[in-house]
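Shown next: run_38.pdb, given as PDB, C-alpha atoms, pLDDT in the B column.
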```pdb
ATOM      1  CA  MET A   1      -1.791  65.109  40.953  1.00 62.00           C
ATOM      2  CA  LYS A   2      -1.084  63.219  37.713  1.00 74.00           C
ATOM      3  CA  LYS A   3      -3.098  63.963  34.601  1.00 81.00           C
ATOM      4  CA  GLY A   4      -4.462  61.093  32.486  1.00 82.00           C
ATOM      5  CA  PHE A   5      -7.534  59.103  31.538  1.00 84.00           C
ATOM      6  CA  THR A   6      -9.550  57.254  34.103  1.00 89.00           C
ATOM      7  CA  MET A   7     -10.322  53.562  33.690  1.00 91.00           C
ATOM      8  CA  ILE A   8     -13.991  54.359  32.971  1.00 92.00           C
ATOM      9  CA  GLU A   9     -13.045  56.718  30.116  1.00 91.00           C
ATOM     10  CA  LEU A  10     -10.776  54.081  28.572  1.00 93.00           C
ATOM     11  CA  ILE A  11     -13.496  51.423  28.813  1.00 94.00           C
ATOM     12  CA  PHE A  12     -16.008  53.736  27.092  1.00 94.00           C
ATOM     13  CA  VAL A  13     -13.549  54.401  24.259  1.00 94.00           C
ATOM     14  CA  ILE A  14     -12.935  50.652  23.802  1.00 95.00           C
ATOM     15  CA  VAL A  15     -16.692  49.931  23.779  1.00 95.00           C
ATOM     16  CA  ILE A  16     -17.316  52.657  21.191  1.00 94.00           C
ATOM     17  CA  LEU A  17     -14.486  51.334  18.982  1.00 94.00           C
ATOM     18  CA  GLY A  18     -15.939  47.818  19.282  1.00 93.00           C
ATOM     19  CA  ILE A  19     -19.373  49.009  18.190  1.00 92.00           C
ATOM     20  CA  LEU A  20     -17.901  50.888  15.224  1.00 90.00           C
ATOM     21  CA  ALA A  21     -15.898  47.813  14.181  1.00 89.00           C
ATOM     22  CA  ALA A  22     -18.961  45.561  14.473  1.00 90.00           C
ATOM     23  CA  VAL A  23     -20.885  47.861  12.124  1.00 88.00           C
ATOM     24  CA  ALA A  24     -18.063  48.578   9.641  1.00 85.00           C
ATOM     25  CA  ILE A  25     -16.630  45.075   9.034  1.00 85.00           C
ATOM     26  CA  PRO A  26     -19.786  43.514   7.492  1.00 82.00           C
ATOM     27  CA  LYS A  27     -20.229  46.563   5.240  1.00 81.00           C
ATOM     28  CA  LEU A  28     -16.643  46.209   3.984  1.00 79.00           C
ATOM     29  CA  ALA A  29     -17.157  42.485   3.261  1.00 76.00           C
ATOM     30  CA  ALA A  30     -20.353  43.244   1.317  1.00 78.00           C
ATOM     31  CA  THR A  31     -18.542  45.905  -0.685  1.00 83.00           C
ATOM     32  CA  ARG A  32     -15.863  43.378  -1.665  1.00 83.00           C
ATOM     33  CA  ASP A  33     -18.527  40.879  -2.797  1.00 83.00           C
ATOM     34  CA  ASP A  34     -20.287  43.599  -4.799  1.00 86.00           C
ATOM     35  CA  ALA A  35     -17.011  44.477  -6.517  1.00 88.00           C
ATOM     36  CA  ASN A  36     -16.344  40.816  -7.396  1.00 86.00           C
ATOM     37  CA  ILE A  37     -19.889  40.436  -8.757  1.00 86.00           C
ATOM     38  CA  ALA A  38     -19.557  43.571 -10.897  1.00 86.00           C
ATOM     39  CA  LYS A  39     -16.185  42.425 -12.216  1.00 88.00           C
ATOM     40  CA  GLY A  40     -17.474  38.925 -12.963  1.00 86.00           C
ATOM     41  CA  ALA A  41     -20.622  40.093 -14.756  1.00 84.00           C
ATOM     42  CA  THR A  42     -18.628  42.523 -16.855  1.00 86.00           C
ATOM     43  CA  GLU A  43     -16.069  39.891 -17.792  1.00 87.00           C
ATOM     44  CA  VAL A  44     -18.736  37.312 -18.738  1.00 84.00           C
ATOM     45  CA  ALA A  45     -20.540  39.862 -20.924  1.00 82.00           C
ATOM     46  CA  MET A  46     -17.209  40.876 -22.455  1.00 87.00           C
ATOM     47  CA  ALA A  47     -16.283  37.232 -23.129  1.00 85.00           C
ATOM     48  CA  VAL A  48     -19.582  36.588 -24.935  1.00 82.00           C
ATOM     49  CA  ALA A  49     -19.144  39.768 -26.994  1.00 83.00           C
ATOM     50  CA  ASP A  50     -15.509  38.858 -27.774  1.00 87.00           C
ATOM     51  CA  MET A  51     -16.487  35.325 -28.824  1.00 84.00           C
ATOM     52  CA  SER A  52     -19.229  36.745 -31.012  1.00 81.00           C
ATOM     53  CA  SER A  53     -16.838  39.154 -32.693  1.00 85.00           C
ATOM     54  CA  TYR A  54     -14.242  36.427 -33.166  1.00 86.00           C
ATOM     55  CA  TYR A  55     -16.789  34.035 -34.678  1.00 82.00           C
ATOM     56  CA  THR A  56     -18.087  36.747 -36.993  1.00 83.00           C
ATOM     57  CA  ALA A  57     -14.576  37.657 -38.136  1.00 86.00           C
ATOM     58  CA  LYS A  58     -13.136  34.132 -38.486  1.00 84.00           C
ATOM     59  CA  GLY A  59     -16.230  32.026 -39.213  1.00 79.00           C
ATOM     60  CA  ALA A  60     -15.281  29.557 -36.470  1.00 80.00           C
ATOM     61  CA  LEU A  61     -14.591  29.446 -32.770  1.00 82.00           C
ATOM     62  CA  GLY A  62     -10.983  29.252 -31.623  1.00 83.00           C
ATOM     63  CA  THR A  63      -8.919  29.018 -28.490  1.00 84.00           C
ATOM     64  CA  VAL A  64     -10.178  30.968 -25.512  1.00 83.00           C
ATOM     65  CA  THR A  65      -6.968  33.013 -25.397  1.00 84.00           C
ATOM     66  CA  ALA A  66      -7.357  33.948 -29.081  1.00 87.00           C
ATOM     67  CA  MET A  67     -11.022  34.923 -28.702  1.00 87.00           C
ATOM     68  CA  THR A  68     -10.905  36.968 -25.488  1.00 87.00           C
ATOM     69  CA  ASN A  69      -8.590  38.364 -22.821  1.00 87.00           C
ATOM     70  CA  VAL A  70     -10.925  37.150 -20.056  1.00 86.00           C
ATOM     71  CA  VAL A  71      -9.165  34.495 -17.972  1.00 84.00           C
ATOM     72  CA  PHE A  72     -10.827  31.070 -18.124  1.00 83.00           C
ATOM     73  CA  GLY A  73      -9.972  27.682 -16.665  1.00 76.00           C
ATOM     74  CA  GLY A  74     -10.434  24.297 -18.325  1.00 69.00           C
ATOM     75  CA  SER A  75      -9.952  23.672 -22.021  1.00 65.00           C
ATOM     76  CA  ASN A  76      -8.234  26.170 -24.220  1.00 69.00           C
ATOM     77  CA  ASP A  77      -9.929  25.313 -27.541  1.00 75.00           C
ATOM     78  CA  LEU A  78     -13.667  25.921 -27.919  1.00 79.00           C
ATOM     79  CA  ASN A  79     -13.382  25.190 -31.643  1.00 77.00           C
ATOM     80  CA  THR A  80     -13.598  21.495 -30.738  1.00 77.00           C
ATOM     81  CA  THR A  81     -17.081  20.199 -29.891  1.00 75.00           C
ATOM     82  CA  GLY A  82     -17.572  19.404 -26.210  1.00 77.00           C
ATOM     83  CA  GLU A  83     -14.603  21.406 -24.929  1.00 80.00           C
ATOM     84  CA  VAL A  84     -15.202  23.317 -21.707  1.00 81.00           C
ATOM     85  CA  ALA A  85     -13.939  26.650 -20.390  1.00 82.00           C
ATOM     86  CA  THR A  86     -14.882  27.751 -16.861  1.00 83.00           C
ATOM     87  CA  TYR A  87     -15.086  31.295 -15.559  1.00 80.00           C
ATOM     88  CA  SER A  88     -14.243  31.599 -11.863  1.00 79.00           C
ATOM     89  CA  ASP A  89     -15.851  28.202 -11.063  1.00 79.00           C
ATOM     90  CA  CYS A  90     -19.220  29.968 -11.522  1.00 80.00           C
ATOM     91  CA  ILE A  91     -20.055  29.750 -15.212  1.00 80.00           C
ATOM     92  CA  THR A  92     -19.135  27.030 -17.717  1.00 79.00           C
ATOM     93  CA  PHE A  93     -18.853  27.622 -21.461  1.00 79.00           C
ATOM     94  CA  THR A  94     -19.102  24.426 -23.573  1.00 77.00           C
ATOM     95  CA  SER A  95     -18.659  24.310 -27.340  1.00 77.00           C
ATOM     96  CA  VAL A  96     -21.610  22.797 -29.223  1.00 75.00           C
ATOM     97  CA  GLY A  97     -22.142  21.677 -32.817  1.00 71.00           C
ATOM     98  CA  ASN A  98     -20.133  19.795 -35.377  1.00 71.00           C
ATOM     99  CA  PRO A  99     -18.154  21.781 -36.306  1.00 70.00           C
ATOM    100  CA  ALA A 100     -18.410  23.814 -33.112  1.00 72.00           C
ATOM    101  CA  ASN A 101     -20.533  26.846 -33.916  1.00 73.00           C
ATOM    102  CA  ALA A 102     -22.268  27.563 -30.614  1.00 74.00           C
ATOM    103  CA  ILE A 103     -21.462  28.041 -26.960  1.00 76.00           C
ATOM    104  CA  SER A 104     -23.603  26.507 -24.212  1.00 74.00           C
ATOM    105  CA  VAL A 105     -23.328  28.634 -21.071  1.00 75.00           C
ATOM    106  CA  GLU A 106     -24.225  26.972 -17.759  1.00 76.00           C
ATOM    107  CA  TYR A 107     -24.468  28.708 -14.416  1.00 74.00           C
ATOM    108  CA  LYS A 108     -23.531  26.929 -11.213  1.00 71.00           C
ATOM    109  CA  GLY A 109     -26.672  25.834  -9.367  1.00 62.00           C
ATOM    110  CA  SER A 110     -28.411  27.242  -6.334  1.00 63.00           C
ATOM    111  CA  ASP A 111     -25.718  25.776  -4.046  1.00 66.00           C
ATOM    112  CA  ALA A 112     -23.233  28.304  -5.443  1.00 72.00           C
ATOM    113  CA  SER A 113     -21.579  31.035  -3.409  1.00 80.00           C
ATOM    114  CA  THR A 114     -23.129  34.468  -3.054  1.00 81.00           C
ATOM    115  CA  VAL A 115     -20.619  35.871  -5.543  1.00 83.00           C
ATOM    116  CA  CYS A 116     -21.423  33.157  -8.134  1.00 82.00           C
ATOM    117  CA  LYS A 117     -25.159  33.767  -7.729  1.00 81.00           C
ATOM    118  CA  GLY A 118     -24.581  37.479  -8.135  1.00 82.00           C
ATOM    119  CA  ILE A 119     -22.461  36.969 -11.250  1.00 81.00           C
ATOM    120  CA  ALA A 120     -25.133  34.667 -12.708  1.00 78.00           C
ATOM    121  CA  ALA A 121     -27.912  37.160 -11.996  1.00 77.00           C
ATOM    122  CA  ALA A 122     -25.995  40.150 -13.342  1.00 78.00           C
ATOM    123  CA  ALA A 123     -24.708  38.340 -16.449  1.00 73.00           C
ATOM    124  CA  ALA A 124     -28.180  36.967 -17.138  1.00 72.00           C
ATOM    125  CA  LYS A 125     -29.662  40.449 -16.875  1.00 73.00           C
ATOM    126  CA  ILE A 126     -27.138  41.699 -19.420  1.00 69.00           C
ATOM    127  CA  THR A 127     -27.970  38.866 -21.818  1.00 64.00           C
ATOM    128  CA  GLY A 128     -31.742  38.904 -21.202  1.00 66.00           C
ATOM    129  CA  VAL A 129     -32.095  35.533 -19.428  1.00 68.00           C
ATOM    130  CA  THR A 130     -34.330  35.208 -16.341  1.00 68.00           C
ATOM    131  CA  VAL A 131     -32.415  33.805 -13.334  1.00 66.00           C
ATOM    132  CA  GLU A 132     -33.772  32.755  -9.964  1.00 68.00           C
ATOM    133  CA  ASP A 133     -31.419  31.791  -7.120  1.00 63.00           C
ATOM    134  CA  GLY A 134     -28.487  31.603  -9.536  1.00 57.00           C
ATOM    135  CA  VAL A 135     -30.276  29.300 -12.006  1.00 63.00           C
ATOM    136  CA  PRO A 136     -31.877  30.424 -15.309  1.00 63.00           C
ATOM    137  CA  THR A 137     -35.641  29.807 -15.315  1.00 66.00           C
ATOM    138  CA  ASP A 138     -36.747  31.194 -18.667  1.00 60.00           C
ATOM    139  CA  ASP A 139     -36.905  28.176 -21.005  1.00 49.00           C
ATOM    140  CA  ALA A 140     -38.070  30.305 -23.910  1.00 43.00           C
ATOM    141  CA  ASN A 141     -35.039  32.574 -23.674  1.00 44.00           C
ATOM    142  CA  LYS A 142     -32.120  30.183 -23.097  1.00 48.00           C
ATOM    143  CA  THR A 143     -30.713  30.720 -26.582  1.00 44.00           C
ATOM    144  CA  HIS A 144     -28.835  33.893 -27.367  1.00 45.00           C
ATOM    145  CA  THR A 145     -27.723  34.231 -30.977  1.00 45.00           C
ATOM    146  CA  PHE A 146     -24.565  36.026 -32.071  1.00 46.00           C
ATOM    147  CA  GLY A 147     -22.393  35.976 -35.165  1.00 48.00           C
ATOM    148  CA  GLY A 148     -24.431  33.232 -36.797  1.00 50.00           C
ATOM    149  CA  SER A 149     -23.979  30.844 -33.870  1.00 46.00           C
ATOM    150  CA  ASN A 150     -26.261  29.972 -31.000  1.00 51.00           C
ATOM    151  CA  VAL A 151     -25.411  30.496 -27.364  1.00 54.00           C
ATOM    152  CA  THR A 152     -27.537  28.274 -25.145  1.00 53.00           C
ATOM    153  CA  TRP A 153     -28.060  29.479 -21.580  1.00 52.00           C
ATOM    154  CA  ASN A 154     -28.697  26.495 -19.270  1.00 49.00           C
TER     155      ASN A 154
END
```

Go ahead and render the structure in this file as structure tokens.
Amino acid sequence: MKKGFTMIELIFVIVILGILAAVAIPKLAATRDDANIAKGATEVAMAVADMSSYYTAKGALGTVTAMTNVVFGGSNDLNTTGEVATYSDCITFTSVGNPANAISVEYKGSDASTVCKGIAAAAAKITGVTVEDGVPTDDANKTHTFGGSNVTWN
């Protein structure tokens, strides 16, 4: 008589592996989103702090690459009024004033991805702005002041 597994035993093993995979895969995807949200919120807070320090030291805004090591898309020079720098297609920084002495920060709306909403909520919590569904709701607290300039949270 040959030794081995019966067909029933193999089917049970496959079913158990399927159940484990069905439970584990969504948890791994959520962990990846949580990591991206944490990274994004930290980088946005770091960018605001870096811009504040740069403005305090130089008395003017400059290029994004000179002010912070956080990677942005869009314009490179926030020292020019109306220039835009975008973080991860979730948050837009626009230079305001003539000469540019403030940064307007806009979050992507409620149609944003889960990661963008999470970044908006976490970054807003760090900066003290109330956010609901990825959109700031606290009109009284949309301005955050640093280094003598105003940061407007829209």

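Computed from the coordinates, the CA of Asp34 (chain A) to CA of Val115 (chain A) distance equals 7.8 Å.
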
- Looking at all atoms listed in the file, which of A:Ala47, A:Val64, A:Ile25, A:Ile37 is the one that sits closest to Cys116 (chain A)?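 Counting all atoms listed in the file, the residue closest to Cys116 (chain A) is A:Ile37.
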
- Query: Using all atoms listed in the file, which of A:Ala120, A:Met67, A:Ile19, A:Ala35 sits nearest Ser52 (chain A)?
  - Reply: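 For Ser52 (chain A), the nearest of the given residues is A:Met67.
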
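Closest approach to Ser104 (chain A) among A:Phe5, A:Ala121, A:Gly82, A:Ser88: A:Gly82, based on all atoms listed in the file.
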
- Query: Between A:Leu61, A:Met7, A:Val71, A:Cys90, which is the closest to Ile119 (chain A) once you count all atoms listed in the file?
  - Reply: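 When distances to Ile119 (chain A) are compared using all atoms listed in the file, the smallest one comes from A:Cys90.
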
- Separation of CA of Ala60 (chain A) from CA of Leu78 (chain A), in Å and rounded to one decimal: 9.4 Å

- Task: Determine the nearest neighbour of Lys117 (chain A) from the options A:Thr80, A:Asp89, A:Glu43, A:Gly59, counting all atoms listed in the file.
- Result: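 Looking only at the distances to Lys117 (chain A), the closest residue turns out to be A:Asp89.
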
- Task: Between CA of Gly40 (chain A) and CA of Val70 (chain A), measure the distance and give it in Å to one decimal.
- Result: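 Separating CA of Gly40 (chain A) from CA of Val70 (chain A) is a distance of 9.8 Å.
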
- Message: Which residues, named as in the file, does the PyMOL selection byres ((chain A and resi 81) around 12) pick out? Answer as a ChimeraX atom specification.
- Response: /A:60-62,75,77-80,82-85,93-104

- Note on the structure: For Tyr55 (chain A), the closest of A:Thr6, A:Thr42, A:Thr68, A:Thr31 counting only C-alpha atoms is A:Thr68

With all atoms of region 97-108 of chain A from the file as input, state the centre and edge lengths in Å to one decimal of the axis-aligned box that has 3 Å extra on each side, as lines of an AutoDock Vina configuration file.
```
center_x = -21.3
center_y = 24.3
center_z = -23.8
size_x = 12.3
size_y = 14.9
size_z = 31.1
```
